[in-house]
$ cat data-v7.pdb   # PDB, C-alpha atoms
ATOM      1  CA  MET F   1       0.000   0.000   0.000
ATOM      2  CA  SER F   2       1.236   3.440  -0.889
ATOM      3  CA  ASP F   3       2.038   5.670   2.056
ATOM      4  CA  ILE F   4      -0.883   7.987   2.752
ATOM      5  CA  TYR F   5       1.535  10.709   3.862
ATOM      6  CA  SER F   6       3.392  10.844   0.594
ATOM      7  CA  GLU F   7       5.777  13.704  -0.106
ATOM      8  CA  ILE F   8       3.288  15.374  -2.412
ATOM      9  CA  ILE F   9       0.450  15.205   0.137
ATOM     10  CA  LEU F  10       2.620  16.594   2.916
ATOM     11  CA  ASP F  11       3.954  19.325   0.650
ATOM     12  CA  HIS F  12       0.425  20.492  -0.204
ATOM     13  CA  TYR F  13      -0.553  20.309   3.467
ATOM     14  CA  LYS F  14       2.405  22.323   4.683
ATOM     15  CA  ASN F  15       2.462  24.738   1.740
ATOM     16  CA  PRO F  16      -1.081  24.841   0.376
ATOM     17  CA  HIS F  17      -1.770  26.309  -3.049
ATOM     18  CA  ASN F  18      -4.686  28.693  -3.617
ATOM     19  CA  LYS F  19      -5.248  29.210   0.077
ATOM     20  CA  GLY F  20      -6.985  32.387   1.147
ATOM     21  CA  HIS F  21      -9.974  34.599   0.492
ATOM     22  CA  LEU F  22     -10.703  35.321  -3.202
ATOM     23  CA  LYS F  23     -11.854  38.837  -4.025
ATOM     24  CA  ASN F  24     -14.517  39.085  -6.761
ATOM     25  CA  ALA F  25     -15.607  35.522  -6.241
ATOM     26  CA  THR F  26     -18.867  34.829  -8.061
ATOM     27  CA  HIS F  27     -19.571  31.602  -6.189
ATOM     28  CA  LYS F  28     -18.756  30.348  -2.724
ATOM     29  CA  ALA F  29     -19.731  27.596  -0.307
ATOM     30  CA  GLU F  30     -18.664  26.116   2.995
ATOM     31  CA  GLU F  31     -18.889  22.486   4.092
ATOM     32  CA  ASP F  32     -17.589  20.500   7.029
ATOM     33  CA  ASN F  33     -17.218  16.991   8.337
ATOM     34  CA  PRO F  34     -18.784  17.349  11.779
ATOM     35  CA  LEU F  35     -17.390  13.984  12.851
ATOM     36  CA  CYS F  36     -13.766  15.030  12.520
ATOM     37  CA  GLY F  37     -13.932  18.813  12.456
ATOM     38  CA  ASP F  38     -12.581  19.303   8.934
ATOM     39  CA  ARG F  39     -13.874  22.502   7.377
ATOM     40  CA  ILE F  40     -13.458  23.886   3.862
ATOM     41  CA  LYS F  41     -14.656  27.144   2.335
ATOM     42  CA  ILE F  42     -14.389  27.493  -1.426
ATOM     43  CA  TYR F  43     -14.309  30.689  -3.523
ATOM     44  CA  ILE F  44     -14.737  30.518  -7.297
ATOM     45  CA  LYS F  45     -14.639  33.191  -9.961
ATOM     46  CA  ILE F  46     -16.417  32.097 -13.096
ATOM     47  CA  SER F  47     -16.075  33.875 -16.428
ATOM     48  CA  ASP F  48     -17.344  33.340 -19.937
ATOM     49  CA  LYS F  49     -14.767  32.283 -22.421
ATOM     50  CA  LYS F  50     -15.812  33.478 -25.860
ATOM     51  CA  THR F  51     -14.665  31.411 -28.767
ATOM     52  CA  CYS F  52     -15.079  31.682 -32.545
ATOM     53  CA  THR F  53     -17.728  29.012 -32.293
ATOM     54  CA  ALA F  54     -21.218  30.098 -31.419
ATOM     55  CA  LYS F  55     -21.515  29.367 -27.688
ATOM     56  CA  ALA F  56     -19.520  30.901 -24.849
ATOM     57  CA  THR F  57     -18.154  28.420 -22.297
ATOM     58  CA  GLN F  58     -18.105  29.032 -18.587
ATOM     59  CA  ILE F  59     -14.687  28.489 -17.125
ATOM     60  CA  ILE F  60     -13.207  28.659 -13.637
ATOM     61  CA  GLU F  61     -11.017  31.729 -13.944
ATOM     62  CA  ASP F  62      -9.844  31.583 -10.363
ATOM     63  CA  ILE F  63     -10.470  29.396  -7.326
ATOM     64  CA  SER F  64      -9.272  29.390  -3.722
ATOM     65  CA  PHE F  65     -10.024  27.798  -0.385
ATOM     66  CA  GLU F  66      -9.863  28.451   3.320
ATOM     67  CA  GLY F  67     -10.136  25.773   5.946
ATOM     68  CA  GLU F  68      -8.737  23.619   8.662
ATOM     69  CA  GLY F  69      -8.536  19.932   9.341
ATOM     70  CA  CYS F  70      -6.422  16.881   8.775
ATOM     71  CA  ALA F  71      -3.609  16.640   6.260
ATOM     72  CA  ILE F  72      -5.718  14.701   3.778
ATOM     73  CA  SER F  73      -8.625  17.162   3.681
ATOM     74  CA  GLN F  74      -6.372  20.190   3.337
ATOM     75  CA  ALA F  75      -3.990  18.655   0.785
ATOM     76  CA  ALA F  76      -6.978  17.528  -1.298
ATOM     77  CA  ALA F  77      -8.347  21.089  -1.328
ATOM     78  CA  SER F  78      -4.970  22.416  -2.422
ATOM     79  CA  MET F  79      -4.553  19.840  -5.185
ATOM     80  CA  LEU F  80      -8.120  19.996  -6.441
ATOM     81  CA  THR F  81      -8.202  23.798  -6.700
ATOM     82  CA  GLU F  82      -4.889  23.663  -8.552
ATOM     83  CA  PHE F  83      -6.295  21.060 -10.946
ATOM     84  CA  LEU F  84      -9.555  22.916 -11.649
ATOM     85  CA  LYS F  85      -8.129  26.378 -12.252
ATOM     86  CA  GLY F  86      -8.836  27.291 -15.877
ATOM     87  CA  LYS F  87     -11.012  24.232 -16.430
ATOM     88  CA  LYS F  88     -14.612  24.250 -17.617
ATOM     89  CA  VAL F  89     -17.334  24.649 -14.980
ATOM     90  CA  ALA F  90     -19.142  21.667 -16.483
ATOM     91  CA  GLN F  91     -16.078  19.521 -15.806
ATOM     92  CA  ALA F  92     -15.859  20.639 -12.167
ATOM     93  CA  LYS F  93     -19.523  19.832 -11.621
ATOM     94  CA  LYS F  94     -18.921  16.272 -12.777
ATOM     95  CA  ILE F  95     -15.814  15.502 -10.742
ATOM     96  CA  THR F  96     -15.930  11.963  -9.308
ATOM     97  CA  PRO F  97     -14.347  10.426  -6.180
ATOM     98  CA  GLU F  98     -12.148   8.317  -8.481
ATOM     99  CA  GLN F  99     -10.772  11.453 -10.128
ATOM    100  CA  VAL F 100      -9.967  12.950  -6.714
ATOM    101  CA  TYR F 101      -8.218   9.747  -5.593
ATOM    102  CA  ALA F 102      -6.241   9.671  -8.852
ATOM    103  CA  LEU F 103      -5.165  13.244  -8.207
ATOM    104  CA  LEU F 104      -4.030  12.487  -4.655
ATOM    105  CA  LYS F 105      -2.106   9.399  -5.829
ATOM    106  CA  ILE F 106      -2.595   7.619  -2.506
ATOM    107  CA  GLU F 107      -4.811   4.805  -1.379
ATOM    108  CA  ILE F 108      -7.715   6.215   0.629
ATOM    109  CA  SER F 109      -9.248   3.934   3.252
ATOM    110  CA  PRO F 110     -13.025   4.101   3.796
ATOM    111  CA  THR F 111     -12.547   6.005   7.071
ATOM    112  CA  ARG F 112     -10.577   8.748   5.325
ATOM    113  CA  SER F 113     -12.724   9.069   2.180
ATOM    114  CA  LYS F 114     -14.774  11.898   3.720
ATOM    115  CA  CYS F 115     -11.580  13.849   4.370
ATOM    116  CA  ALA F 116     -10.382  13.315   0.806
ATOM    117  CA  LEU F 117     -13.712  14.257  -0.773
ATOM    118  CA  LEU F 118     -14.668  17.284   1.332
ATOM    119  CA  ALA F 119     -13.151  19.816  -1.086
ATOM    120  CA  ALA F 120     -14.890  18.198  -4.082
ATOM    121  CA  LYS F 121     -18.201  18.280  -2.210
ATOM    122  CA  THR F 122     -17.729  21.962  -1.343
ATOM    123  CA  ILE F 123     -16.804  22.873  -4.929
ATOM    124  CA  LYS F 124     -19.940  21.152  -6.175
ATOM    125  CA  SER F 125     -22.171  22.945  -3.697
ATOM    126  CA  ALA F 126     -20.571  26.275  -4.665
ATOM    127  CA  LEU F 127     -21.389  25.595  -8.302
ATOM    128  CA  SER F 128     -24.902  24.299  -7.741
TER
ATOM    129  CA  MET K   1     -15.402  -6.983  29.194
ATOM    130  CA  PHE K   2     -13.530  -9.231  26.747
ATOM    131  CA  GLY K   3     -16.785 -11.048  25.981
ATOM    132  CA  PRO K   4     -18.945 -11.442  22.896
ATOM    133  CA  SER K   5     -20.839  -8.443  21.560
ATOM    134  CA  GLY K   6     -24.614  -8.399  21.450
ATOM    135  CA  VAL K   7     -25.204  -9.482  25.040
ATOM    136  CA  GLY K   8     -25.509  -7.594  28.303
ATOM    137  CA  VAL K   9     -27.234  -7.367  31.655
ATOM    138  CA  LEU K  10     -30.314  -5.408  32.637
ATOM    139  CA  TYR K  11     -30.090  -4.596  36.323
ATOM    140  CA  GLY K  12     -33.207  -3.261  38.059
ATOM    141  CA  LYS K  13     -35.361  -3.405  41.173
ATOM    142  CA  LYS K  14     -37.649  -6.446  41.090
ATOM    143  CA  GLN K  15     -40.826  -4.611  42.132
ATOM    144  CA  LEU K  16     -40.293  -2.079  39.326
ATOM    145  CA  LEU K  17     -39.439  -4.702  36.715
ATOM    146  CA  ASP K  18     -42.589  -6.570  37.760
ATOM    147  CA  LYS K  19     -44.626  -3.503  36.762
ATOM    148  CA  LEU K  20     -43.066  -3.238  33.305
ATOM    149  CA  PRO K  21     -44.840  -4.829  30.332
ATOM    150  CA  PRO K  22     -42.866  -7.176  28.050
ATOM    151  CA  PHE K  23     -41.055  -5.346  25.234
ATOM    152  CA  LEU K  24     -40.863  -8.400  22.997
ATOM    153  CA  TYR K  25     -43.278 -11.257  22.424
ATOM    154  CA  GLY K  26     -42.346 -14.910  21.919
ATOM    155  CA  GLY K  27     -41.732 -18.180  23.647
ATOM    156  CA  ASP K  28     -41.068 -18.196  27.434
ATOM    157  CA  MET K  29     -42.610 -14.843  28.234
ATOM    158  CA  ILE K  30     -46.181 -16.104  28.846
ATOM    159  CA  LYS K  31     -47.741 -18.126  31.627
ATOM    160  CA  SER K  32     -51.076 -18.756  30.005
ATOM    161  CA  VAL K  33     -53.055 -17.499  27.022
ATOM    162  CA  LYS K  34     -56.840 -17.705  26.898
ATOM    163  CA  GLU K  35     -59.317 -16.217  24.499
ATOM    164  CA  THR K  36     -60.242 -13.598  27.073
ATOM    165  CA  CYS K  37     -56.982 -12.877  28.836
ATOM    166  CA  THR K  38     -53.214 -13.406  28.806
ATOM    167  CA  LEU K  39     -51.001 -13.871  31.827
ATOM    168  CA  PHE K  40     -47.339 -12.954  31.301
ATOM    169  CA  ASN K  41     -44.523 -14.848  32.966
ATOM    170  CA  ASP K  42     -42.657 -13.609  36.039
ATOM    171  CA  THR K  43     -39.578 -11.417  35.963
ATOM    172  CA  PRO K  44     -37.055 -12.066  34.419
ATOM    173  CA  TRP K  45     -38.589 -14.559  31.979
ATOM    174  CA  LYS K  46     -41.127 -11.922  30.958
ATOM    175  CA  PHE K  47     -38.270 -10.132  29.176
ATOM    176  CA  GLU K  48     -36.669 -13.210  27.627
ATOM    177  CA  ALA K  49     -38.877 -13.848  24.618
ATOM    178  CA  GLY K  50     -37.836 -16.386  22.014
ATOM    179  CA  THR K  51     -34.608 -18.316  21.664
ATOM    180  CA  PRO K  52     -31.957 -16.688  23.864
ATOM    181  CA  SER K  53     -28.580 -15.754  22.422
ATOM    182  CA  VAL K  54     -27.131 -18.893  24.014
ATOM    183  CA  ALA K  55     -23.576 -18.750  22.684
ATOM    184  CA  ASP K  56     -23.205 -15.079  23.619
ATOM    185  CA  VAL K  57     -24.535 -15.641  27.119
ATOM    186  CA  VAL K  58     -22.156 -18.564  27.713
ATOM    187  CA  GLY K  59     -19.286 -16.426  26.395
ATOM    188  CA  PHE K  60     -20.337 -13.539  28.659
ATOM    189  CA  ASP K  61     -20.269 -15.863  31.667
ATOM    190  CA  LYS K  62     -16.745 -16.998  30.758
ATOM    191  CA  ALA K  63     -15.653 -13.374  30.328
ATOM    192  CA  MET K  64     -16.925 -12.484  33.817
ATOM    193  CA  THR K  65     -15.215 -15.538  35.303
ATOM    194  CA  PHE K  66     -11.987 -14.439  33.592
ATOM    195  CA  ILE K  67     -12.241 -10.944  35.098
ATOM    196  CA  GLU K  68     -13.078 -12.277  38.550
ATOM    197  CA  LYS K  69     -10.115 -14.633  38.388
ATOM    198  CA  LEU K  70      -7.742 -11.750  37.614
ATOM    199  CA  GLY K  71      -9.394  -9.498  40.201
ATOM    200  CA  ILE K  72     -10.771  -6.038  39.490
ATOM    201  CA  GLU K  73      -8.191  -4.378  41.794
ATOM    202  CA  ASN K  74      -5.320  -6.154  40.064
ATOM    203  CA  ILE K  75      -6.645  -5.079  36.670
ATOM    204  CA  LYS K  76      -6.972  -1.479  37.865
ATOM    205  CA  ASN K  77      -3.460  -1.420  39.336
ATOM    206  CA  CYS K  78      -1.942  -2.864  36.170
ATOM    207  CA  GLU K  79      -3.762  -0.420  33.895
ATOM    208  CA  MET K  80      -3.157   2.653  36.062
ATOM    209  CA  SER K  81       0.539   1.897  36.381
ATOM    210  CA  LEU K  82       0.816   1.770  32.588
ATOM    211  CA  ALA K  83      -1.225   4.969  32.244
ATOM    212  CA  LYS K  84       1.050   6.842  34.659
ATOM    213  CA  LYS K  85       4.144   5.714  32.754
ATOM    214  CA  ALA K  86       2.492   6.754  29.494
ATOM    215  CA  VAL K  87       1.751  10.236  30.851
ATOM    216  CA  LYS K  88       5.441  10.575  31.818
ATOM    217  CA  MET K  89       6.462   9.520  28.315
ATOM    218  CA  LEU K  90       4.008  11.928  26.663
ATOM    219  CA  GLN K  91       5.297  14.768  28.876
ATOM    220  CA  THR K  92       8.779  14.344  27.399
ATOM    221  CA  HIS K  93       7.378  15.640  24.089
ATOM    222  CA  LYS K  94       6.855  19.378  24.487
ATOM    223  CA  GLN K  95       4.516  19.551  21.476
ATOM    224  CA  ILE K  96       1.967  17.345  23.218
ATOM    225  CA  LYS K  97      -0.844  18.800  25.294
ATOM    226  CA  ILE K  98      -2.428  16.195  27.553
ATOM    227  CA  ILE K  99      -6.096  16.682  28.355
ATOM    228  CA  LYS K 100      -6.923  14.977  31.631
ATOM    229  CA  PRO K 101      -8.150  15.696  35.145
ATOM    230  CA  LYS K 102      -5.500  16.783  37.680
ATOM    231  CA  ASN K 103      -5.801  13.411  39.322
ATOM    232  CA  LEU K 104      -5.334  10.697  36.689
ATOM    233  CA  GLU K 105      -7.283   8.201  38.819
ATOM    234  CA  GLU K 106     -10.445  10.117  37.954
ATOM    235  CA  SER K 107     -10.162   9.411  34.255
ATOM    236  CA  GLY K 108      -8.903   5.870  34.652
ATOM    237  CA  PRO K 109      -6.268   4.451  32.271
ATOM    238  CA  VAL K 110      -7.443   6.709  29.438
ATOM    239  CA  ILE K 111      -5.311   9.604  28.186
ATOM    240  CA  SER K 112      -6.506  12.173  25.676
ATOM    241  CA  PHE K 113      -4.039  14.487  23.995
ATOM    242  CA  VAL K 114      -3.672  16.976  21.189
ATOM    243  CA  ILE K 115      -0.720  18.209  19.178
ATOM    244  CA  ASP K 116      -0.606  21.679  17.658
ATOM    245  CA  GLU K 117      -0.943  21.612  13.867
ATOM    246  CA  ILE K 118      -1.431  17.835  13.636
ATOM    247  CA  HIS K 119      -5.019  16.649  13.443
ATOM    248  CA  PRO K 120      -5.867  13.678  15.730
ATOM    249  CA  HIS K 121      -6.879  11.606  12.698
ATOM    250  CA  ASP K 122      -3.408  12.103  11.263
ATOM    251  CA  ILE K 123      -1.917  11.031  14.616
ATOM    252  CA  ALA K 124      -4.079   7.887  14.638
ATOM    253  CA  GLU K 125      -3.193   7.097  11.035
ATOM    254  CA  VAL K 126       0.569   7.243  11.680
ATOM    255  CA  PHE K 127       0.159   5.227  14.900
ATOM    256  CA  ASN K 128      -1.833   2.636  12.968
ATOM    257  CA  LYS K 129       1.038   2.174  10.544
ATOM    258  CA  GLU K 130       3.264   1.477  13.566
ATOM    259  CA  GLY K 131       0.849  -1.151  14.858
ATOM    260  CA  ILE K 132      -0.647   1.023  17.595
ATOM    261  CA  ALA K 133      -4.408   1.340  17.712
ATOM    262  CA  ILE K 134      -5.801   4.448  19.395
ATOM    263  CA  ARG K 135      -9.061   6.319  19.099
ATOM    264  CA  ALA K 136      -9.317   9.737  17.502
ATOM    265  CA  GLY K 137     -12.363  11.950  17.342
ATOM    266  CA  HIS K 138     -14.694  13.861  19.607
ATOM    267  CA  HIS K 139     -15.463  10.767  21.736
ATOM    268  CA  CYS K 140     -19.209  11.438  21.790
ATOM    269  CA  ASN K 141     -18.549  14.768  23.481
ATOM    270  CA  GLN K 142     -18.796  17.586  20.958
ATOM    271  CA  PRO K 143     -19.816  20.240  23.537
ATOM    272  CA  LEU K 144     -16.583  19.619  25.484
ATOM    273  CA  MET K 145     -14.510  19.784  22.291
ATOM    274  CA  SER K 146     -15.983  23.183  21.389
ATOM    275  CA  ARG K 147     -15.468  24.391  24.978
ATOM    276  CA  LEU K 148     -11.807  23.360  24.753
ATOM    277  CA  GLY K 149     -11.571  24.934  21.296
ATOM    278  CA  ILE K 150     -10.291  21.785  19.602
ATOM    279  CA  PRO K 151     -11.789  19.693  16.774
ATOM    280  CA  ALA K 152     -10.966  16.345  18.354
ATOM    281  CA  THR K 153      -8.420  14.530  20.491
ATOM    282  CA  ALA K 154      -6.257  11.441  20.126
ATOM    283  CA  ARG K 155      -6.891   8.973  22.944
ATOM    284  CA  ILE K 156      -4.766   6.166  24.340
ATOM    285  CA  SER K 157      -6.482   3.586  26.559
ATOM    286  CA  PHE K 158      -4.800   0.765  28.401
ATOM    287  CA  SER K 159      -6.058  -2.702  29.115
ATOM    288  CA  ILE K 160      -4.593  -5.780  30.728
ATOM    289  CA  TYR K 161      -3.043  -7.005  27.491
ATOM    290  CA  ASN K 162      -0.846  -3.896  27.164
ATOM    291  CA  THR K 163       2.773  -3.847  28.279
ATOM    292  CA  GLU K 164       5.480  -1.275  28.948
ATOM    293  CA  ASP K 165       6.858  -2.111  25.536
ATOM    294  CA  ASP K 166       3.691  -0.646  24.033
ATOM    295  CA  ILE K 167       4.588   2.686  25.665
ATOM    296  CA  ASN K 168       8.084   2.527  24.167
ATOM    297  CA  ARG K 169       6.596   1.783  20.768
ATOM    298  CA  THR K 170       4.188   4.719  21.162
ATOM    299  CA  ASP K 171       7.180   6.919  21.922
ATOM    300  CA  LEU K 172       8.813   5.780  18.673
ATOM    301  CA  ALA K 173       5.571   6.314  16.740
ATOM    302  CA  LEU K 174       5.406   9.883  18.081
ATOM    303  CA  LYS K 175       8.968  10.531  16.956
ATOM    304  CA  LYS K 176       8.048   9.244  13.502
ATOM    305  CA  LEU K 177       4.921  11.436  13.494
ATOM    306  CA  PHE K 178       6.925  14.564  14.305
ATOM    307  CA  LYS K 179       9.400  13.694  11.569
ATOM    308  CA  ILE K 180       6.632  13.293   8.971
ATOM    309  CA  PHE K 181       4.914  16.532   9.919
ATOM    310  CA  ALA K 182       8.069  18.594  10.500
ATOM    311  CA  LYS K 183       7.818  21.905   8.702
TER
END
$ encode --input "data-v7.pdb" --output "structure tokens"
Amino acid sequence: MSDIYSEIILDHYKNPHNKGHLKNATHKAEEDNPLCGDRIKIYIKISDKKTCTAKATQIIEDISFEGEGCAISQAAASMLTEFLKGKKVAQAKKITPEQVYALLKIEISPTRSKCALLAAKTIKSALS
Amino acid sequence: MFGPSGVGVLYGKKQLLDKLPPFLYGGDMIKSVKETCTLFNDTPWKFEAGTPSVADVVGFDKAMTFIEKLGIENIKNCEMSLAKKAVKMLQTHKQIKIIKPKNLEESGPVISFVIDEIHPHDIAEVFNKEGIAIRAGHHCNQPLMSRLGIPATARISFSIYNTEDDINRTDLALKKLFKIFAK
């Protein structure tokens, strides 16, 4: 089994990317895991990307998070916001647990899945 | 109590239990049934409807015999002596904040602690890798956690199967934990 505290997880936990309040956010949401006390707040700035083709596409121009909790929940928020920056809103809405696990590159036990998926859940509720 | 799960004891005053209606219907809990009236059995059979959980009850009896043979006082002394040694070990790590009553006897051989910047679930996870099982969470006491201003605690509890070597191994696990989470 891969070590849950891999270098990449610990690096994101100790030096999180996209952490802090986002000015001009168009969407935000806050979620927590009451059982363990993990808490994530997500800020998203959505903009329309105009292309030569007829329809404009909504993209995540900027995204950030604030929060506290275990290493897994906080590293996942850092990695997921990094991954989704510049991506289509439609893609973020459809993000699956498998995609999050693939991003984290560690094996998540059932007891830690809520920690790993909290950021994804918060992003979805911000976009809904 | 080292016994099977799914079995326990209901302890109550006989005159009060006699007043209670059965909570479950089945074999053994009736004296007689007529078309016009039903007479329930006496206490305790009134509460023992259907086939009893025989294997669990036999196991429970053996568990109590085991505890009686060791002696409650002996068990307490063994567990408290380990707990006191564990507190001493934990106090050698300045990052650890122990949450316990002033007199350890009041909390029994159970020691809660927190570490700044390391979530209790991360502590438990690293301990687990080192073969040490502890509990982490709010321990069914969320109001106390919010009063203390912490999300959760890590909690070590000792039983008769623990040894001083377990404390040494916990010490090593803590050193590993601090290494992993070093800034």
$ atom_distance --input "data-v7.pdb" --atom1 "CA of Lys87 in chain F" --atom2 "CA of Glu68 in chain F"
25.2 Å
$ resolve_selection --input "data-v7.pdb" --expression "the PyMOL selection byres ((chain K and resi 168-177) around 8)" --output "short mmCIF file (atom, residue, chain, number, x, y, z; two decimals) with C-alpha atoms, keeping the file's coordinate frame"
data_model
loop_
_atom_site.label_atom_id
_atom_site.label_comp_id
_atom_site.auth_asym_id
_atom_site.auth_seq_id
_atom_site.Cartn_x
_atom_site.Cartn_y
_atom_site.Cartn_z
CA MET K 89 6.46 9.52 28.32
CA LEU K 90 4.01 11.93 26.66
CA ILE K 123 -1.92 11.03 14.62
CA VAL K 126 0.57 7.24 11.68
CA PHE K 127 0.16 5.23 14.90
CA GLU K 130 3.26 1.48 13.57
CA ILE K 132 -0.65 1.02 17.60
CA GLU K 164 5.48 -1.27 28.95
CA ASP K 165 6.86 -2.11 25.54
CA ASP K 166 3.69 -0.65 24.03
CA ILE K 167 4.59 2.69 25.66
CA PHE K 178 6.92 14.56 14.30
CA LYS K 179 9.40 13.69 11.57
CA ILE K 180 6.63 13.29 8.97
CA PHE K 181 4.91 16.53 9.92
#
$ resolve_selection --input "data-v7.pdb" --expression "the PyMOL selection byres ((chain K) within 7 of (chain F))" --output "list in words"
His119, His121, Asp122, Gly137, Pro151, Ala152 and Lys183 of chain K
$ residues_around --input "data-v7.pdb" --residues "range 94-97 of chain F" --least-positions-apart "5" --cutoff "12 Å" --atoms "all atoms listed in the file" --output "MDAnalysis selection string"
chainID F and resid 76 80:81 83:84 87:89 102:104 108 110 113:125 127:128
$ closest_residue --input "data-v7.pdb" --among "K:Pro101, K:Pro44, K:Pro143, K:Gly50" --to "Val9 in chain K" --atoms "all atoms listed in the file"
K:Pro44
$ closest_residue --input "data-v7.pdb" --among "K:Asn103, K:Ser81, K:Arg135, K:Gly108" --to "Thr163 in chain K" --atoms "all atoms listed in the file"
K:Ser81
$ atom_distance --input "data-v7.pdb" --atom1 "CA of Thr65 in chain K" --atom2 "CA of Met1 in chain K"
10.5 Å
$ residues_around --input "data-v7.pdb" --residues "Pro21 in chain K" --least-positions-apart "4" --cutoff "9 Å" --atoms "all atoms listed in the file" --output "short mmCIF file (atom, residue, chain, number, x, y, z; two decimals) with C-alpha atoms, keeping the file's coordinate frame"
data_model
loop_
_atom_site.label_atom_id
_atom_site.label_comp_id
_atom_site.auth_asym_id
_atom_site.auth_seq_id
_atom_site.Cartn_x
_atom_site.Cartn_y
_atom_site.Cartn_z
CA LEU K 17 -39.44 -4.70 36.72
CA PHE K 40 -47.34 -12.95 31.30
CA LYS K 46 -41.13 -11.92 30.96
CA PHE K 47 -38.27 -10.13 29.18
#
$ residues_around --input "data-v7.pdb" --residues "Val110 in chain K" --least-positions-apart "6" --cutoff "7 Å" --atoms "only C-alpha atoms" --output "PDB file with C-alpha atoms, in the coordinates of the input"
ATOM      1  CA  ARG K 155      -6.891   8.973  22.944  1.00  0.00           C
ATOM      2  CA  ILE K 156      -4.766   6.166  24.340  1.00  0.00           C
ATOM      3  CA  SER K 157      -6.482   3.586  26.559  1.00  0.00           C
ATOM      4  CA  PHE K 158      -4.800   0.765  28.401  1.00  0.00           C
TER       5      PHE K 158
END
$ closest_residue --input "data-v7.pdb" --among "K:Met64, K:Ile150, K:Ile160, K:Ser53" --to "Ile99 in chain K" --atoms "all atoms listed in the file"
K:Ile150
$ resolve_selection --input "data-v7.pdb" --expression "the PyMOL selection byres ((chain F and resi 27) around 6)" --output "number ranges by chain"
F: 25-26, 28, 43-44, 126
$ atom_distance --input "data-v7.pdb" --atom1 "CA of Glu98 in chain F" --atom2 "CA of Gln74 in chain F"
17.7 Å
$ residues_near_point --input "data-v7.pdb" --point "(-19.5, -17.8, 28.9)" --cutoff "12 Å" --atoms "only C-alpha atoms" --output "number ranges by chain"
K: 1-5, 7-8, 53-67
